[in-house]
Amino acid sequence: MHHNPVFIKNLSYRYPDGNLALKDINISIKANDKVALIGANGSGKSTLQFHLNGIFLPQTGEITIGEWKIKDENLADIRNFVGLVFQNPDNQLFMPTVWEDVAFGPMNRGIKGNELKLRVLEAMEAVNIDPEIYGSRNPDNLSGGEKKRVAIAGVLAMEPQVLVLDEPSAQLDPRSRRQLINLLDQLPLTLIIATHDLDLAWELCERTIILSKGQVVYDGKTDKIMSDYAFLEQHALEAPLSFSRPYCNLEDKPKLSLL
Ligand SMILES: Nc1ncnc2c1ncn2[C@@H]1O[C@H](COP(=O)(O)OP(=O)(O)OP(=O)(O)O)[C@@H](O)[C@H]1O
């Protein structure tokens, strides 16, 4: 018996066209862990994330979220427990105003009146979207970064235990990216962040899981792997700038290898 909020055992997934996108994935994540999920394009990050709130059901292997196995009859509970923020906010925002979009999830779960209002205000405040200015605007007309923040607010308003984010810093300007990092850092939640932004991973996540061609090739401390240039290169990744910069004037970069 295990009590971790996310427990994935022997998960494989094949797309209908025959493409084997995940191969025998085993991952267990403790409550309040912040985990970076990194890997080159096509390594399987999105496919794995789609499994975490039951958009995809396991074909081989199993996933337990909180106290529920992922299967059809548990999906409502699982979606209360896990909030998923898509890579593209256009897939998430569909109401006529920002306020209604953020309120949509909790409203659907029967929350109304003052509690609903409070949840929406808190979620908007957390992502630094001023309700006075943005509440009545149409999400279609926001910038990419603003949309992203509204999409995150909509998920936060559902008060999930586990927050899964696909490329949260893409499209954000440096200041919004910094605010997002600070926000995520302070959230008392289990976080799973798929990202190409290795600086963000390094700053925010003590643990990193690296996927390569659908397989887990590293699962351990973030700082240990970020200095292993050979390993990162082997899996088509680059060390974060903040890691390599201090050494950029040295003739000999540190050559650390875990292999
Ligand atoms: N609908 C689909 N049908 C068939 N194969 C797919 C489908 N979606 C994704 N794949 C394949 O599955 C593999 C994993 O894709 P996935 O989108 O999970 O990767 P990713 O790590 O999220 O990539 P990126 O960094 O580009 O977002 C890739 O080989 C991709 O081509």
# chains A, B, ... in the order shown; residues from 1 in each chain; ligands from 1

call {"tool": "residues_near_ligand", "arguments": {"ligand": "ligand 1", "cutoff": "6 Å", "atoms": "only C-alpha atoms and all ligand atoms", "output": "NGL selection string"}}
result
:A and (15 or 17 or 19 or 21 or 39-47)

call {"tool": "write_last_selection", "arguments": {"atoms": "N, CA and C atoms", "output": "compact mmCIF listing (two decimals), in the first residue's frame"}}
result
# COMPACT_ATOMS: atom_id res chain seq x y z
N TYR A 15 -0.52 5.16 -29.45
CA TYR A 15 -1.55 5.91 -30.18
C TYR A 15 -2.19 5.00 -31.23
N ASP A 17 -2.43 5.13 -34.25
CA ASP A 17 -1.66 4.88 -35.48
C ASP A 17 -0.47 3.93 -35.25
N ASN A 19 1.96 4.31 -32.93
CA ASN A 19 3.10 4.98 -32.31
C ASN A 19 3.14 4.69 -30.79
N ALA A 21 4.10 5.74 -27.54
CA ALA A 21 4.56 7.03 -27.01
C ALA A 21 5.07 6.93 -25.57
N GLY A 39 12.29 16.73 -21.42
CA GLY A 39 12.56 15.81 -22.52
C GLY A 39 12.36 16.55 -23.83
N ALA A 40 13.06 16.11 -24.85
CA ALA A 40 12.99 16.76 -26.16
C ALA A 40 11.58 16.68 -26.73
N ASN A 41 11.33 17.39 -27.81
CA ASN A 41 10.03 17.31 -28.50
C ASN A 41 9.72 15.85 -28.81
N GLY A 42 8.49 15.47 -28.53
CA GLY A 42 8.07 14.12 -28.87
C GLY A 42 8.51 13.04 -27.90
N SER A 43 9.08 13.44 -26.75
CA SER A 43 9.58 12.42 -25.82
C SER A 43 8.44 11.79 -25.00
N GLY A 44 7.26 12.41 -24.99
CA GLY A 44 6.13 11.77 -24.31
C GLY A 44 5.56 12.56 -23.14
N LYS A 45 6.03 13.80 -22.92
CA LYS A 45 5.60 14.58 -21.76
C LYS A 45 4.08 14.83 -21.77
N SER A 46 3.58 15.32 -22.89
CA SER A 46 2.14 15.62 -22.94
C SER A 46 1.32 14.34 -22.82
N THR A 47 1.76 13.30 -23.48
CA THR A 47 1.03 12.02 -23.41
C THR A 47 0.95 11.55 -21.96

call {"tool": "closest_atom_pairs", "arguments": {"of": "stretch 30-146 of chain A", "to": "stretch 172-189 of chain A", "cutoff": "9 Å", "atoms": "only C-alpha atoms", "output": "JSON lines"}}
result
{"residue": "A:Ala31", "atom": "CA", "partner": "A:Leu189", "partner_atom": "CA", "distance": 7.3}
{"residue": "A:Asn32", "atom": "CA", "partner": "A:Leu189", "partner_atom": "CA", "distance": 4.9}
{"residue": "A:Asp33", "atom": "CA", "partner": "A:Leu189", "partner_atom": "CA", "distance": 7.6}
{"residue": "A:Lys34", "atom": "CA", "partner": "A:Leu189", "partner_atom": "CA", "distance": 8.1}
{"residue": "A:Ala126", "atom": "CA", "partner": "A:Leu183", "partner_atom": "CA", "distance": 6.8}
{"residue": "A:Val127", "atom": "CA", "partner": "A:Leu180", "partner_atom": "CA", "distance": 7.1}
{"residue": "A:Asn128", "atom": "CA", "partner": "A:Gln179", "partner_atom": "CA", "distance": 8.1}
{"residue": "A:Gly144", "atom": "CA", "partner": "A:Leu172", "partner_atom": "CA", "distance": 7.4}
{"residue": "A:Gly145", "atom": "CA", "partner": "A:Leu172", "partner_atom": "CA", "distance": 4.7}
{"residue": "A:Glu146", "atom": "CA", "partner": "A:Leu172", "partner_atom": "CA", "distance": 8.2}

call {"tool": "write_last_selection", "arguments": {"atoms": "C-alpha atoms", "output": "PDB file, in the first residue's frame"}}
result
ATOM      1  CA  ALA A  31       2.550  15.102  -1.557  1.00  0.00           C
ATOM      2  CA  ASN A  32       3.859  18.631  -2.109  1.00  0.00           C
ATOM      3  CA  ASP A  33       6.762  17.491  -4.279  1.00  0.00           C
ATOM      4  CA  LYS A  34       7.583  19.789  -7.160  1.00  0.00           C
ATOM      5  CA  ALA A 126      -2.671  34.555  -7.429  1.00  0.00           C
ATOM      6  CA  VAL A 127      -1.855  34.894 -11.127  1.00  0.00           C
ATOM      7  CA  ASN A 128      -1.796  38.679 -10.991  1.00  0.00           C
ATOM      8  CA  GLY A 144      -0.750  34.816 -25.020  1.00  0.00           C
ATOM      9  CA  GLY A 145       0.749  35.360 -21.581  1.00  0.00           C
ATOM     10  CA  GLU A 146      -2.467  36.831 -20.172  1.00  0.00           C
TER      11      GLU A 146
END

call {"tool": "residues_around", "arguments": {"residues": "A:Gly135", "least_positions_apart": "5", "cutoff": "10 Å", "atoms": "only C-alpha atoms", "output": "ChimeraX atom specification"}}
result
/A:97-102,120-121,124,129-130,150

call {"tool": "write_last_selection", "arguments": {"atoms": "N, CA and C atoms", "output": "PDB file, in the first residue's frame"}}
result
ATOM      1  N   THR A  97     -16.379  35.810 -20.885  1.00  0.00           N
ATOM      2  CA  THR A  97     -15.551  36.750 -20.111  1.00  0.00           C
ATOM      3  C   THR A  97     -14.553  35.969 -19.243  1.00  0.00           C
ATOM      4  N   VAL A  98     -13.499  36.697 -18.864  1.00  0.00           N
ATOM      5  CA  VAL A  98     -12.461  36.114 -18.018  1.00  0.00           C
ATOM      6  C   VAL A  98     -13.072  35.628 -16.693  1.00  0.00           C
ATOM      7  N   TRP A  99     -13.932  36.473 -16.113  1.00  0.00           N
ATOM      8  CA  TRP A  99     -14.535  36.102 -14.829  1.00  0.00           C
ATOM      9  C   TRP A  99     -15.282  34.774 -14.950  1.00  0.00           C
ATOM     10  N   GLU A 100     -16.110  34.660 -15.976  1.00  0.00           N
ATOM     11  CA  GLU A 100     -16.901  33.432 -16.149  1.00  0.00           C
ATOM     12  C   GLU A 100     -16.009  32.229 -16.407  1.00  0.00           C
ATOM     13  N   ASP A 101     -14.896  32.468 -17.083  1.00  0.00           N
ATOM     14  CA  ASP A 101     -13.989  31.365 -17.361  1.00  0.00           C
ATOM     15  C   ASP A 101     -13.377  30.822 -16.072  1.00  0.00           C
ATOM     16  N   VAL A 102     -12.932  31.752 -15.213  1.00  0.00           N
ATOM     17  CA  VAL A 102     -12.309  31.315 -13.960  1.00  0.00           C
ATOM     18  C   VAL A 102     -13.362  30.662 -13.049  1.00  0.00           C
ATOM     19  N   VAL A 120     -12.878  32.892  -7.132  1.00  0.00           N
ATOM     20  CA  VAL A 120     -12.476  33.518  -8.396  1.00  0.00           C
ATOM     21  C   VAL A 120     -11.502  34.666  -8.115  1.00  0.00           C
ATOM     22  N   LEU A 121     -11.832  35.484  -7.109  1.00  0.00           N
ATOM     23  CA  LEU A 121     -10.958  36.620  -6.789  1.00  0.00           C
ATOM     24  C   LEU A 121      -9.580  36.138  -6.357  1.00  0.00           C
ATOM     25  N   MET A 124      -7.597  34.779  -9.335  1.00  0.00           N
ATOM     26  CA  MET A 124      -7.130  35.842 -10.229  1.00  0.00           C
ATOM     27  C   MET A 124      -5.987  36.618  -9.578  1.00  0.00           C
ATOM     28  N   ILE A 129      -3.855  38.749 -12.224  1.00  0.00           N
ATOM     29  CA  ILE A 129      -4.800  39.257 -13.223  1.00  0.00           C
ATOM     30  C   ILE A 129      -5.832  40.073 -12.442  1.00  0.00           C
ATOM     31  N   ASP A 130      -5.807  41.395 -12.641  1.00  0.00           N
ATOM     32  CA  ASP A 130      -6.674  42.286 -11.876  1.00  0.00           C
ATOM     33  C   ASP A 130      -8.139  42.103 -12.305  1.00  0.00           C
ATOM     34  N   VAL A 150      -4.804  33.358 -17.073  1.00  0.00           N
ATOM     35  CA  VAL A 150      -6.234  33.133 -16.815  1.00  0.00           C
ATOM     36  C   VAL A 150      -6.513  31.622 -16.772  1.00  0.00           C
TER      37      VAL A 150
END

call {"tool": "closest_residue", "arguments": {"among": "A:Leu48, A:Ala157, A:Ile63, A:Cys205", "to": "A:Ile111", "atoms": "only C-alpha atoms"}}
result
A:Ala157

call {"tool": "residues_around", "arguments": {"residues": "stretch 68-73 of chain A", "least_positions_apart": "5", "cutoff": "8 Å", "atoms": "only C-alpha atoms", "output": "PDB file with C-alpha atoms, in the first residue's frame"}}
result
ATOM      1  CA  ASN A  53      -6.430  13.371 -14.979  1.00  0.00           C
ATOM      2  CA  GLY A  54      -7.888  10.679 -17.134  1.00  0.00           C
ATOM      3  CA  LEU A  57      -6.927   5.958 -19.732  1.00  0.00           C
ATOM      4  CA  PRO A  58      -4.055   3.514 -19.144  1.00  0.00           C
ATOM      5  CA  GLU A  62      -2.075   1.438 -13.884  1.00  0.00           C
ATOM      6  CA  ILE A  63      -2.201   4.851 -12.274  1.00  0.00           C
ATOM      7  CA  ILE A  78      -9.761  12.373 -10.112  1.00  0.00           C
TER       8      ILE A  78
END

call {"tool": "closest_residue", "arguments": {"among": "A:Phe94, A:Phe81, A:Tyr229, A:Phe86", "to": "A:Asn141", "atoms": "only C-alpha atoms"}}
result
A:Phe94

call {"tool": "atom_distance", "arguments": {"atom1": "atom CA of A:Met95", "atom2": "atom CA of A:Ile65"}}
result
28.8 Å

call {"tool": "atom_distance", "arguments": {"atom1": "atom CA of A:Glu125", "atom2": "atom CA of A:His51"}}
result
29.3 Å

call {"tool": "atom_distance", "arguments": {"atom1": "atom CA of A:Val164", "atom2": "atom CA of A:Leu11"}}
result
17.7 Å

call {"tool": "closest_residue", "arguments": {"among": "A:Gln49, A:Gln234, A:Ser143, A:Ser212", "to": "A:Gln87", "atoms": "only C-alpha atoms"}}
result
A:Gln49

call {"tool": "closest_residue", "arguments": {"among": "A:Asp197, A:Asp24, A:Glu203, A:Glu238", "to": "A:Glu167", "atoms": "only C-alpha atoms"}}
result
A:Asp197

call {"tool": "select_by_dssp", "arguments": {"residues": "stretch 112-153 of chain A", "states": "alpha helix (DSSP H)", "output": "list in words"}}
result
Gly113, Asn114, Glu115, Leu116, Lys117, Leu118, Arg119, Val120, Leu121, Glu122, Ala123, Met124, Glu125, Ala126, Pro131, Glu132, Ile133, Tyr134, Gly144, Gly145, Glu146, Lys147, Lys148, Arg149, Val150, Ala151, Ile152 and Ala153 of chain A

call {"tool": "write_last_selection", "arguments": {"atoms": "N, CA and C atoms", "output": "tab-separated table (two decimals), in the first residue's frame"}}
result
chain	number	residue	atom	x	y	z
A	113	GLY	N	-22.53	31.76	-5.02
A	113	GLY	CA	-22.61	32.86	-4.06
A	113	GLY	C	-21.24	33.40	-3.68
A	114	ASN	N	-21.11	33.72	-2.39
A	114	ASN	CA	-19.88	34.35	-1.91
A	114	ASN	C	-18.66	33.47	-2.05
A	115	GLU	N	-18.87	32.17	-1.83
A	115	GLU	CA	-17.71	31.28	-1.91
A	115	GLU	C	-17.15	31.27	-3.33
A	116	LEU	N	-18.05	31.25	-4.29
A	116	LEU	CA	-17.62	31.27	-5.69
A	116	LEU	C	-16.85	32.56	-5.98
A	117	LYS	N	-17.42	33.66	-5.53
A	117	LYS	CA	-16.80	34.96	-5.78
A	117	LYS	C	-15.38	35.00	-5.18
A	118	LEU	N	-15.30	34.51	-3.95
A	118	LEU	CA	-14.02	34.51	-3.25
A	118	LEU	C	-12.98	33.67	-3.97
A	119	ARG	N	-13.41	32.49	-4.41
A	119	ARG	CA	-12.48	31.60	-5.13
A	119	ARG	C	-11.96	32.25	-6.40
A	120	VAL	N	-12.88	32.89	-7.13
A	120	VAL	CA	-12.48	33.52	-8.40
A	120	VAL	C	-11.50	34.67	-8.11
A	121	LEU	N	-11.83	35.48	-7.11
A	121	LEU	CA	-10.96	36.62	-6.79
A	121	LEU	C	-9.58	36.14	-6.36
A	122	GLU	N	-9.55	35.13	-5.50
A	122	GLU	CA	-8.26	34.62	-5.02
A	122	GLU	C	-7.42	34.05	-6.15
A	123	ALA	N	-8.07	33.30	-7.03
A	123	ALA	CA	-7.34	32.67	-8.14
A	123	ALA	C	-6.79	33.74	-9.08
A	124	MET	N	-7.60	34.78	-9.34
A	124	MET	CA	-7.13	35.84	-10.23
A	124	MET	C	-5.99	36.62	-9.58
A	125	GLU	N	-6.11	36.83	-8.29
A	125	GLU	CA	-5.05	37.54	-7.58
A	125	GLU	C	-3.75	36.73	-7.62
A	126	ALA	N	-3.86	35.41	-7.46
A	126	ALA	CA	-2.67	34.56	-7.43
A	126	ALA	C	-1.88	34.66	-8.73
A	131	PRO	N	-9.00	41.65	-11.37
A	131	PRO	CA	-10.40	41.40	-11.76
A	131	PRO	C	-11.11	42.66	-12.27
A	132	GLU	N	-10.74	43.82	-11.72
A	132	GLU	CA	-11.37	45.07	-12.17
A	132	GLU	C	-11.10	45.32	-13.65
A	133	ILE	N	-9.87	45.04	-14.05
A	133	ILE	CA	-9.47	45.34	-15.42
A	133	ILE	C	-9.84	44.20	-16.37
A	134	TYR	N	-9.63	42.99	-15.91
A	134	TYR	CA	-9.75	41.85	-16.83
A	134	TYR	C	-11.06	41.08	-16.71
A	144	GLY	N	-1.05	36.22	-25.33
A	144	GLY	CA	-0.75	34.82	-25.02
A	144	GLY	C	-0.45	34.61	-23.55
A	145	GLY	N	0.36	35.50	-22.98
A	145	GLY	CA	0.75	35.36	-21.58
A	145	GLY	C	-0.42	35.60	-20.64
A	146	GLU	N	-1.28	36.57	-21.00
A	146	GLU	CA	-2.47	36.83	-20.17
A	146	GLU	C	-3.41	35.63	-20.21
A	147	LYS	N	-3.58	35.06	-21.41
A	147	LYS	CA	-4.43	33.87	-21.52
A	147	LYS	C	-3.91	32.74	-20.63
A	148	LYS	N	-2.60	32.58	-20.68
A	148	LYS	CA	-1.98	31.51	-19.89
A	148	LYS	C	-2.31	31.70	-18.41
A	149	ARG	N	-2.20	32.94	-17.95
A	149	ARG	CA	-2.44	33.19	-16.53
A	149	ARG	C	-3.90	32.98	-16.17
A	150	VAL	N	-4.80	33.36	-17.07
A	150	VAL	CA	-6.23	33.13	-16.82
A	150	VAL	C	-6.51	31.62	-16.77
A	151	ALA	N	-5.87	30.87	-17.68
A	151	ALA	CA	-6.07	29.42	-17.69
A	151	ALA	C	-5.60	28.80	-16.36
A	152	ILE	N	-4.49	29.29	-15.86
A	152	ILE	CA	-3.98	28.79	-14.57
A	152	ILE	C	-4.96	29.16	-13.45
A	153	ALA	N	-5.49	30.40	-13.50
A	153	ALA	CA	-6.45	30.83	-12.48
A	153	ALA	C	-7.67	29.92	-12.47

call {"tool": "closest_residue", "arguments": {"among": "A:Leu165, A:Ala170, A:Ala76, A:Val216", "to": "A:Leu22", "atoms": "only C-alpha atoms"}}
result
A:Val216
